[in-house]
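Asks: First, the structure itself, so that you have it in front of you.
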There are 2 protein chains.
Amino acid sequence: MRLTILGCHSATPRVNAFPTSQYLEINDRHFIIDCGEGTQRQMRKYKVGYAKINHIFISHLHGDHFYGLVGLLSTFGILNREKELHVYGPKGIKEATEMLLNISQSHAKYELIFHELSSSKSELIFEDEKVSVHTIPLKHRVYTNGFLFKEKSKPKKLHIQNINNYPEIDKADYLNIKAGKDIVLESGEIIPNEELTIASEKPKSFAYCSDTSFLPSIIPIIKDADLLYHEATFLSDKEDLAKKTLHSTALQAATIAKEANVKQLILGHYSGRYKNIELFQEEAKTIFNETLLSEPGKVIELV
Amino acid sequence: MRLTILGCHSATPRVNAFPTSQYLEINDRHFIIDCGEGTQRQMRKYKVGYAKINHIFISHLHGDHFYGLVGLLSTFGILNREKELHVYGPKGIKEATEMLLNISQSHAKYELIFHELSSSKSELIFEDEKVSVHTIPLKHRVYTNGFLFKEKSKPKKLHIQNINNYPEIDKADYLNIKAGKDIVLESGEIIPNEELTIASEKPKSFAYCSDTSFLPSIIPIIKDADLLYHEATFLSDKEDLAKKTLHSTALQAATIAKEANVKQLILGHYSGRYKNIELFQEEAKTIFNETLLSEPGKVIELV
């Protein structure tokens, strides 16, 4: 699993700031999460192949998470994309996006499939043989979801050297072994599956939570995640402002990370008022040591 | 008059390319012309004060000229703008923009006034005591206008030294002199206005033409302009493609400049297929020597 930060700042434009967008590679799936203005250029800058993207997840319809979507979709059309594209986001995203594409007469060859979200409960919104995606209901000034991305268990690999110690085991048994079954020899001896297989890596998970006020109700959903991205728009000195604007402080993000027992926390969505973003890391580390900072172009690999 | 290029490339995103937007300072008026994705950031980069902008002109609703508008308007709201803002652009721009602002719940204190255009003839769309703006109907794949920005004549200044040679001339006459009238002395002698005034600078004009196919019908409208921005998406090697996509070549832009007897031509909207944009200048100069190239951050001053 590999996460690339494309943009990680809040809405006010600055020269070296880019609104929220992330690129997630997970079990051979390639996802864009949020799509602020300029995302298509950031994808070029950090060499994210447009053609790999088949699914885009939009947390909420504030401009700094959404206004770059139509430009990206329009560019896919200009580049003659033919593969269908799935967009997941709040109810209303379809009408707004289609209207903009129509007004620009951006005719595309590819099918654009919207999955509009309106539930206030966590739900499964994507699943295939390799990955699942659940929503994480958040609390912000508009309807907002985070997303929990989970790898599925990888099939066990055969331990051929050990298997060869038992000439009775036939290739016809291999599927059963991969599926985790023990083998019973003609003698009645039971060969435990663990002896015949190599344990596969534990499936990884990534929880994306932006934008939101401090919201302990997400803890059970994101429990034990390998990586949590949690917004930290403010430091604790502006806790009142965080509460008022339904954002979080670095300390609140760290509290969620600690309570949810995640392995690593990565912060972002910093307000433009803070010149030194390292203060966010310092504040979070006072209660959760494994804290990273988002920066444009930063890559986090989980292996 | 001062023109700052904020972006000058065509739609396909590249790391160091920015879609079309220009900032025009003309007789103390401050205009944004076109607003491709990322314009608000380019404005920050080139220190264009947001608060100065009261009028935005959009040529057409293709994404590379328009998808940055809503982000800029939204930012004006975040920054608590209170002054009204005027947006001029093709019919449909109001509904699309308002829908996006509404879906993001971008409540702003300022009044946003749309002036929707649909005429196929040149029309006066803005006028005050210092500046006028006329449309330049263009030919593209969607309804498109260029814009002709003209300074108004500045009032003549009194040549006090010469006036003092005629003690009969009273201060009460000054308004008439500024208005260009000759003065008749009691002796019947006529003092020509030229002797009593200092000639003011000739008013400047700027014609903005993007996107368009080769369109000689614009020549009478832009005749004698001090500066012409004309799109040049292709070189002559792709004249067929220019014709098909309703764009122009550098040579065609230069032909318009020459026929319209403008003083300077500035090219832009280069297709991503050309790595060396100097070829555009070389091609245009074969028939029109006073040719410049748009580049992000470039400033052209006309004094």
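The way I read the labels, and the way they are meant: chains A, B, ... in the order of the structure tokens, residue 1 as the first residue of every chain, and ligand 1 as the first ligand shown, with later ones counted on from there.
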Pick out the residues sitting within 10 Å of Lys152 (chain A), and hand them over as a PDB file with all heavy atoms, in the first residue's frame; count only C-alpha atoms, and ignore anything fewer than 5 positions along from it in its own chain.
Replies:
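Output file out_10.pdb follows:
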ATOM      1  N   ILE A  26      -3.459   0.490  -3.610  1.00  0.00           N
ATOM      2  CA  ILE A  26      -3.751  -0.533  -2.611  1.00  0.00           C
ATOM      3  C   ILE A  26      -4.127  -1.821  -3.335  1.00  0.00           C
ATOM      4  O   ILE A  26      -5.137  -1.857  -4.065  1.00  0.00           O
ATOM      5  CB  ILE A  26      -4.864  -0.043  -1.632  1.00  0.00           C
ATOM      6  CG1 ILE A  26      -5.267  -1.113  -0.628  1.00  0.00           C
ATOM      7  CG2 ILE A  26      -6.082   0.521  -2.352  1.00  0.00           C
ATOM      8  CD1 ILE A  26      -6.171  -0.612   0.506  1.00  0.00           C
ATOM      9  N   ASN A  27      -3.258  -2.838  -3.168  1.00  0.00           N
ATOM     10  CA  ASN A  27      -3.519  -4.141  -3.805  1.00  0.00           C
ATOM     11  C   ASN A  27      -3.850  -4.004  -5.304  1.00  0.00           C
ATOM     12  O   ASN A  27      -4.853  -4.528  -5.787  1.00  0.00           O
ATOM     13  CB  ASN A  27      -4.698  -4.809  -3.096  1.00  0.00           C
ATOM     14  CG  ASN A  27      -4.265  -6.065  -2.350  1.00  0.00           C
ATOM     15  OD1 ASN A  27      -3.116  -6.501  -2.474  1.00  0.00           O
ATOM     16  ND2 ASN A  27      -5.174  -6.652  -1.600  1.00  0.00           N
ATOM     17  N   GLU A 127     -16.372  -2.884  -3.451  1.00  0.00           N
ATOM     18  CA  GLU A 127     -15.775  -4.161  -3.071  1.00  0.00           C
ATOM     19  C   GLU A 127     -15.435  -4.948  -4.326  1.00  0.00           C
ATOM     20  O   GLU A 127     -16.242  -5.038  -5.254  1.00  0.00           O
ATOM     21  CB  GLU A 127     -16.755  -4.974  -2.219  1.00  0.00           C
ATOM     22  CG  GLU A 127     -16.143  -6.269  -1.713  1.00  0.00           C
ATOM     23  CD  GLU A 127     -17.019  -6.987  -0.671  1.00  0.00           C
ATOM     24  OE1 GLU A 127     -18.265  -6.931  -0.816  1.00  0.00           O
ATOM     25  OE2 GLU A 127     -16.457  -7.584   0.255  1.00  0.00           O
ATOM     26  N   ASP A 128     -14.240  -5.455  -4.364  1.00  0.00           N
ATOM     27  CA  ASP A 128     -13.914  -6.452  -5.384  1.00  0.00           C
ATOM     28  C   ASP A 128     -13.068  -7.523  -4.698  1.00  0.00           C
ATOM     29  O   ASP A 128     -13.045  -7.595  -3.473  1.00  0.00           O
ATOM     30  CB  ASP A 128     -13.247  -5.814  -6.614  1.00  0.00           C
ATOM     31  CG  ASP A 128     -11.863  -5.265  -6.324  1.00  0.00           C
ATOM     32  OD1 ASP A 128     -11.344  -5.470  -5.198  1.00  0.00           O
ATOM     33  OD2 ASP A 128     -11.282  -4.644  -7.224  1.00  0.00           O
ATOM     34  N   GLU A 129     -12.371  -8.356  -5.458  1.00  0.00           N
ATOM     35  CA  GLU A 129     -11.657  -9.471  -4.827  1.00  0.00           C
ATOM     36  C   GLU A 129     -10.412  -9.024  -4.061  1.00  0.00           C
ATOM     37  O   GLU A 129      -9.840  -9.793  -3.285  1.00  0.00           O
ATOM     38  CB  GLU A 129     -11.317 -10.546  -5.877  1.00  0.00           C
ATOM     39  CG  GLU A 129     -10.259 -10.178  -6.895  1.00  0.00           C
ATOM     40  CD  GLU A 129     -10.775  -9.320  -8.056  1.00  0.00           C
ATOM     41  OE1 GLU A 129     -11.882  -8.746  -7.947  1.00  0.00           O
ATOM     42  OE2 GLU A 129     -10.055  -9.214  -9.068  1.00  0.00           O
ATOM     43  N   LYS A 130     -10.031  -7.765  -4.222  1.00  0.00           N
ATOM     44  CA  LYS A 130      -8.788  -7.317  -3.604  1.00  0.00           C
ATOM     45  C   LYS A 130      -8.941  -6.247  -2.538  1.00  0.00           C
ATOM     46  O   LYS A 130      -8.075  -6.090  -1.677  1.00  0.00           O
ATOM     47  CB  LYS A 130      -7.852  -6.785  -4.697  1.00  0.00           C
ATOM     48  CG  LYS A 130      -7.383  -7.880  -5.660  1.00  0.00           C
ATOM     49  CD  LYS A 130      -6.179  -7.427  -6.434  1.00  0.00           C
ATOM     50  CE  LYS A 130      -5.419  -8.594  -7.020  1.00  0.00           C
ATOM     51  NZ  LYS A 130      -4.153  -8.183  -7.621  1.00  0.00           N
ATOM     52  N   VAL A 131      -9.999  -5.470  -2.642  1.00  0.00           N
ATOM     53  CA  VAL A 131     -10.118  -4.283  -1.795  1.00  0.00           C
ATOM     54  C   VAL A 131     -11.578  -4.045  -1.424  1.00  0.00           C
ATOM     55  O   VAL A 131     -12.480  -4.347  -2.209  1.00  0.00           O
ATOM     56  CB  VAL A 131      -9.585  -3.043  -2.566  1.00  0.00           C
ATOM     57  CG1 VAL A 131      -9.860  -1.758  -1.801  1.00  0.00           C
ATOM     58  CG2 VAL A 131      -8.093  -3.175  -2.839  1.00  0.00           C
ATOM     59  N   SER A 132     -11.799  -3.492  -0.224  1.00  0.00           N
ATOM     60  CA  SER A 132     -13.134  -2.985   0.113  1.00  0.00           C
ATOM     61  C   SER A 132     -13.014  -1.546   0.595  1.00  0.00           C
ATOM     62  O   SER A 132     -11.970  -1.136   1.116  1.00  0.00           O
ATOM     63  CB  SER A 132     -13.788  -3.844   1.197  1.00  0.00           C
ATOM     64  OG  SER A 132     -13.145  -3.623   2.437  1.00  0.00           O
ATOM     65  N   LYS A 202      -0.222  -9.638   6.351  1.00  0.00           N
ATOM     66  CA  LYS A 202      -1.484  -9.208   6.934  1.00  0.00           C
ATOM     67  C   LYS A 202      -2.059  -8.101   6.047  1.00  0.00           C
ATOM     68  O   LYS A 202      -1.344  -7.201   5.628  1.00  0.00           O
ATOM     69  CB  LYS A 202      -1.198  -8.666   8.338  1.00  0.00           C
ATOM     70  CG  LYS A 202      -2.432  -8.453   9.180  1.00  0.00           C
ATOM     71  CD  LYS A 202      -2.044  -7.953  10.572  1.00  0.00           C
ATOM     72  CE  LYS A 202      -3.252  -7.300  11.237  1.00  0.00           C
ATOM     73  NZ  LYS A 202      -3.674  -6.037  10.646  1.00  0.00           N
ATOM     74  N   PRO A 203      -3.355  -8.142   5.752  1.00  0.00           N
ATOM     75  CA  PRO A 203      -3.929  -7.093   4.905  1.00  0.00           C
ATOM     76  C   PRO A 203      -3.831  -5.726   5.590  1.00  0.00           C
ATOM     77  O   PRO A 203      -4.002  -5.625   6.806  1.00  0.00           O
ATOM     78  CB  PRO A 203      -5.402  -7.507   4.757  1.00  0.00           C
ATOM     79  CG  PRO A 203      -5.514  -8.862   5.319  1.00  0.00           C
ATOM     80  CD  PRO A 203      -4.338  -9.134   6.180  1.00  0.00           C
ATOM     81  N   LYS A 204      -3.555  -4.719   4.799  1.00  0.00           N
ATOM     82  CA  LYS A 204      -3.390  -3.357   5.333  1.00  0.00           C
ATOM     83  C   LYS A 204      -4.689  -2.561   5.204  1.00  0.00           C
ATOM     84  O   LYS A 204      -5.557  -2.884   4.378  1.00  0.00           O
ATOM     85  CB  LYS A 204      -2.294  -2.646   4.539  1.00  0.00           C
ATOM     86  CG  LYS A 204      -0.926  -3.292   4.626  1.00  0.00           C
ATOM     87  CD  LYS A 204      -0.233  -2.932   5.930  1.00  0.00           C
ATOM     88  CE  LYS A 204       1.209  -3.375   5.967  1.00  0.00           C
ATOM     89  NZ  LYS A 204       1.353  -4.844   5.901  1.00  0.00           N
ATOM     90  N   SER A 205      -4.783  -1.517   6.009  1.00  0.00           N
ATOM     91  CA  SER A 205      -5.957  -0.644   5.895  1.00  0.00           C
ATOM     92  C   SER A 205      -5.554   0.815   6.078  1.00  0.00           C
ATOM     93  O   SER A 205      -4.576   1.135   6.773  1.00  0.00           O
ATOM     94  CB  SER A 205      -7.010  -1.029   6.927  1.00  0.00           C
ATOM     95  OG  SER A 205      -6.480  -0.870   8.223  1.00  0.00           O
TER      96      SER A 205
END
Asks: Sort by chain and increasing residue number a table of all residues of chain A within 8 Å of chain B, each with its closest pair of atoms and their distance in Å to one decimal, counting only C-alpha atoms, and write it as CSV.
Replies:
residue,atom,partner,partner_atom,distance
A:Ala11,CA,B:Thr75,CA,7.5
A:Thr12,CA,B:Thr75,CA,6.5
A:Pro13,CA,B:Arg41,CA,5.7
A:Arg14,CA,B:Arg41,CA,6.1
A:Val15,CA,B:Lys45,CA,5.3
A:Glu37,CA,B:Gly38,CA,6.4
A:Gly38,CA,B:Gly38,CA,5.7
A:Gln40,CA,B:Pro13,CA,6.7
A:Arg41,CA,B:Pro13,CA,5.7
A:Gln42,CA,B:Val15,CA,7.4
A:Arg44,CA,B:Val15,CA,6.0
A:Lys45,CA,B:Val15,CA,5.3
A:Leu61,CA,B:Ser104,CA,5.1
A:His62,CA,B:Ser104,CA,4.6
A:Gly63,CA,B:Gly71,CA,6.4
A:Tyr67,CA,B:Gly71,CA,6.8
A:Gly68,CA,B:Glu37,CA,7.6
A:Val70,CA,B:Tyr67,CA,7.8
A:Gly71,CA,B:Gly63,CA,6.4
A:Ser74,CA,B:Gly63,CA,7.4
A:Thr75,CA,B:Thr12,CA,6.5
A:Ile78,CA,B:Thr12,CA,7.6
A:Gly92,CA,B:Ile103,CA,7.2
A:Ala96,CA,B:Leu100,CA,6.5
A:Met99,CA,B:Ala96,CA,6.8
A:Leu100,CA,B:Ala96,CA,6.5
A:Ile103,CA,B:Leu61,CA,6.6
A:Ser104,CA,B:His62,CA,4.6
A:Gln105,CA,B:His62,CA,7.5
A:Ser106,CA,B:His62,CA,7.8
A:Val142,CA,B:Gln105,CA,7.5
Asks: Since we have the selection now, will you write its residues out, keeping C-alpha atoms, as a compact mmCIF listing (two decimals), in the first residue's frame?
Replies:
# COMPACT_ATOMS: atom_id res chain seq x y z
CA ALA A 11 -9.02 26.41 1.16
CA THR A 12 -7.24 29.79 1.16
CA PRO A 13 -4.98 29.89 -1.89
CA ARG A 14 -1.27 30.32 -1.43
CA VAL A 15 1.56 29.95 -3.93
CA GLU A 37 -8.55 22.69 -7.68
CA GLY A 38 -5.29 21.86 -9.47
CA GLN A 40 -4.82 17.18 -12.35
CA ARG A 41 -1.64 19.24 -12.43
CA GLN A 42 -0.41 17.75 -9.13
CA ARG A 44 1.26 15.17 -13.54
CA LYS A 45 3.86 16.61 -11.19
CA LEU A 61 -18.55 19.26 -1.81
CA HIS A 62 -16.53 22.16 -0.42
CA GLY A 63 -14.43 23.66 -3.18
CA TYR A 67 -13.48 21.95 -7.58
CA GLY A 68 -10.70 20.06 -9.37
CA VAL A 70 -14.56 18.47 -13.39
CA GLY A 71 -11.22 19.57 -14.87
CA SER A 74 -12.74 16.86 -18.82
CA THR A 75 -9.06 16.07 -19.38
CA ILE A 78 -9.64 15.20 -24.16
CA GLY A 92 -25.74 16.38 -5.76
CA ALA A 96 -23.33 19.58 -10.66
CA MET A 99 -23.95 20.31 -15.80
CA LEU A 100 -20.41 21.68 -15.95
CA ILE A 103 -21.97 23.50 -20.56
CA SER A 104 -18.39 23.05 -21.76
CA GLN A 105 -19.63 20.58 -24.35
CA SER A 106 -16.98 18.19 -23.08
CA VAL A 142 -21.88 20.01 4.86
Asks: Quick one: pull the distance between CA of Thr212 (chain B) and CA of Lys298 (chain B), Å, one decimal.
Replies: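 These atoms are spaced 22.5 Å apart.
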Asks: How far is it from CA of Ile287 (chain B) to CA of Ala257 (chain B), in Å with one decimal?
Replies: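 If I compute the distance from CA of Ile287 (chain B) to CA of Ala257 (chain B), I get 9.4 Å.
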Asks: With distances taken over only C-alpha atoms, which residue among B:Gln252, B:Asn193, B:Thr135, B:Ser122 lies nearest Leu148 (chain B)?
Replies: B:Thr135
Asks: Near Tyr88 (chain B), within 10 Å and counting only C-alpha atoms, which residues show up once chain neighbours fewer than 4 positions away are dropped, as JSON, numbers by chain?
Replies: {"B": [33, 34, 55, 56, 57, 58, 59, 93, 94, 113, 114, 115, 116, 117, 125, 126]}
Asks: Take the residues from that selection and write them out as a compact mmCIF listing (two decimals), in the first residue's frame, keeping all heavy atoms.
Replies:
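Result saved to selection.txt:
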# COMPACT_ATOMS: atom_id res chain seq x y z
N ILE B 33 -9.30 38.44 -17.20
CA ILE B 33 -9.84 37.96 -18.46
C ILE B 33 -9.59 36.45 -18.53
O ILE B 33 -8.45 36.00 -18.53
CB ILE B 33 -9.16 38.64 -19.66
CG1 ILE B 33 -9.12 40.16 -19.46
CG2 ILE B 33 -9.89 38.29 -20.96
CD1 ILE B 33 -8.14 40.85 -20.39
N ASP B 34 -10.64 35.69 -18.58
CA ASP B 34 -10.63 34.23 -18.52
C ASP B 34 -10.03 33.73 -17.20
O ASP B 34 -9.29 34.45 -16.52
CB ASP B 34 -9.93 33.60 -19.74
CG ASP B 34 -10.90 33.53 -20.94
OD1 ASP B 34 -12.11 33.65 -20.73
OD2 ASP B 34 -10.42 33.34 -22.07
N HIS B 55 -14.32 43.13 -11.88
CA HIS B 55 -14.91 42.69 -13.15
C HIS B 55 -14.11 41.53 -13.71
O HIS B 55 -12.88 41.61 -13.82
CB HIS B 55 -14.92 43.83 -14.17
CG HIS B 55 -15.68 45.03 -13.70
ND1 HIS B 55 -15.10 46.02 -12.94
CD2 HIS B 55 -16.98 45.38 -13.85
CE1 HIS B 55 -16.01 46.93 -12.65
NE2 HIS B 55 -17.15 46.58 -13.18
N ILE B 56 -14.82 40.45 -14.07
CA ILE B 56 -14.17 39.29 -14.67
C ILE B 56 -14.86 39.00 -16.00
O ILE B 56 -16.10 38.97 -16.06
CB ILE B 56 -14.28 38.06 -13.73
CG1 ILE B 56 -13.60 38.36 -12.39
CG2 ILE B 56 -13.67 36.83 -14.38
CD1 ILE B 56 -13.73 37.26 -11.34
N PHE B 57 -14.07 38.82 -17.04
CA PHE B 57 -14.60 38.58 -18.38
C PHE B 57 -14.23 37.15 -18.82
O PHE B 57 -13.06 36.80 -18.83
CB PHE B 57 -14.01 39.59 -19.36
CG PHE B 57 -14.38 41.02 -19.03
CD1 PHE B 57 -13.62 41.76 -18.11
CD2 PHE B 57 -15.49 41.62 -19.60
CE1 PHE B 57 -13.97 43.06 -17.78
CE2 PHE B 57 -15.86 42.92 -19.27
CZ PHE B 57 -15.09 43.65 -18.35
N ILE B 58 -15.24 36.36 -19.16
CA ILE B 58 -15.00 34.97 -19.57
C ILE B 58 -15.36 34.83 -21.06
O ILE B 58 -16.49 35.10 -21.45
CB ILE B 58 -15.85 34.00 -18.73
CG1 ILE B 58 -15.56 34.15 -17.23
CG2 ILE B 58 -15.65 32.55 -19.19
CD1 ILE B 58 -14.19 33.73 -16.76
N SER B 59 -14.39 34.41 -21.85
CA SER B 59 -14.59 34.34 -23.31
C SER B 59 -15.55 33.22 -23.70
O SER B 59 -16.41 33.39 -24.55
CB SER B 59 -13.25 34.15 -24.02
OG SER B 59 -12.67 32.90 -23.67
N ILE B 93 -23.55 30.76 -17.82
CA ILE B 93 -22.48 30.89 -16.80
C ILE B 93 -23.07 31.14 -15.41
O ILE B 93 -22.54 30.65 -14.41
CB ILE B 93 -21.49 32.02 -17.20
CG1 ILE B 93 -20.23 31.95 -16.36
CG2 ILE B 93 -22.13 33.40 -17.15
CD1 ILE B 93 -19.13 32.89 -16.83
N LYS B 94 -24.20 31.85 -15.37
CA LYS B 94 -24.81 32.19 -14.09
C LYS B 94 -25.32 30.93 -13.39
O LYS B 94 -24.99 30.66 -12.24
CB LYS B 94 -25.97 33.17 -14.32
CG LYS B 94 -26.68 33.64 -13.07
CD LYS B 94 -27.76 34.68 -13.44
CE LYS B 94 -28.32 35.41 -12.24
NZ LYS B 94 -29.28 34.63 -11.47
N ILE B 113 -22.89 39.68 -9.65
CA ILE B 113 -23.79 40.13 -10.73
C ILE B 113 -23.29 39.58 -12.06
O ILE B 113 -22.17 39.87 -12.49
CB ILE B 113 -23.84 41.67 -10.77
CG1 ILE B 113 -24.35 42.19 -9.42
CG2 ILE B 113 -24.73 42.15 -11.92
CD1 ILE B 113 -23.95 43.61 -9.14
N PHE B 114 -24.11 38.75 -12.67
CA PHE B 114 -23.73 38.16 -13.95
C PHE B 114 -24.28 38.99 -15.11
O PHE B 114 -25.43 39.45 -15.06
CB PHE B 114 -24.27 36.74 -14.06
CG PHE B 114 -23.53 35.76 -13.19
CD1 PHE B 114 -23.96 35.48 -11.91
CD2 PHE B 114 -22.37 35.15 -13.66
CE1 PHE B 114 -23.26 34.59 -11.11
CE2 PHE B 114 -21.67 34.26 -12.86
CZ PHE B 114 -22.12 33.97 -11.58
N HIS B 115 -23.48 39.13 -16.15
CA HIS B 115 -23.91 39.78 -17.39
C HIS B 115 -23.76 38.72 -18.48
O HIS B 115 -22.65 38.47 -18.95
CB HIS B 115 -23.04 40.99 -17.69
CG HIS B 115 -23.02 42.00 -16.57
ND1 HIS B 115 -23.86 43.10 -16.55
CD2 HIS B 115 -22.31 42.05 -15.43
CE1 HIS B 115 -23.64 43.79 -15.43
NE2 HIS B 115 -22.70 43.17 -14.73
N GLU B 116 -24.86 38.08 -18.81
CA GLU B 116 -24.77 36.96 -19.75
C GLU B 116 -24.83 37.46 -21.20
O GLU B 116 -25.64 38.32 -21.54
CB GLU B 116 -25.90 35.95 -19.49
CG GLU B 116 -25.72 35.27 -18.12
CD GLU B 116 -26.48 33.96 -18.01
OE1 GLU B 116 -27.65 33.92 -18.47
OE2 GLU B 116 -25.91 32.99 -17.49
N LEU B 117 -23.97 36.89 -22.01
CA LEU B 117 -23.83 37.34 -23.40
C LEU B 117 -24.38 36.28 -24.34
O LEU B 117 -24.20 35.08 -24.13
CB LEU B 117 -22.35 37.57 -23.71
CG LEU B 117 -21.60 38.47 -22.71
CD1 LEU B 117 -20.12 38.50 -23.05
CD2 LEU B 117 -22.19 39.87 -22.73
N ILE B 125 -20.30 46.22 -23.56
CA ILE B 125 -20.79 45.51 -22.37
C ILE B 125 -20.36 46.17 -21.07
O ILE B 125 -20.87 45.85 -20.00
CB ILE B 125 -20.35 44.02 -22.36
CG1 ILE B 125 -18.82 43.89 -22.47
CG2 ILE B 125 -21.05 43.25 -23.48
CD1 ILE B 125 -18.32 42.47 -22.25
N PHE B 126 -19.40 47.07 -21.15
CA PHE B 126 -19.00 47.81 -19.94
C PHE B 126 -18.56 49.20 -20.35
O PHE B 126 -17.86 49.37 -21.35
CB PHE B 126 -17.84 47.10 -19.23
CG PHE B 126 -17.26 47.89 -18.09
CD1 PHE B 126 -17.85 47.87 -16.83
CD2 PHE B 126 -16.13 48.69 -18.27
CE1 PHE B 126 -17.32 48.62 -15.77
CE2 PHE B 126 -15.60 49.44 -17.21
CZ PHE B 126 -16.21 49.39 -15.96
Asks: When distances are computed from only C-alpha atoms, which of B:Val87, B:Leu24, B:Ile266, B:Leu175 shows the smallest separation from Arg2 (chain B)?
Replies: B:Leu24
Asks: Do you have the CA of Phe214 (chain B)-CA of Val133 (chain B) distance handy?
Replies: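 Between CA of Phe214 (chain B) and CA of Val133 (chain B) the gap is 22.2 Å.
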Asks: So, counting only C-alpha atoms, which residue among B:Thr144, B:Thr197, B:Asn276, B:Ser213 is closest to Gln161 (chain B)?
Replies: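 Among the listed residues, the smallest separation from Gln161 (chain B) belongs to B:Thr197.
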Asks: When distances are computed from only C-alpha atoms, which of A:Gly146, A:Pro167, A:Gly7, A:Gly49 shows the smallest separation from Ile222 (chain A)?
Replies: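 Between A:Gly146, A:Pro167, A:Gly7, A:Gly49, the residue approaching Ile222 (chain A) most closely is A:Gly146.
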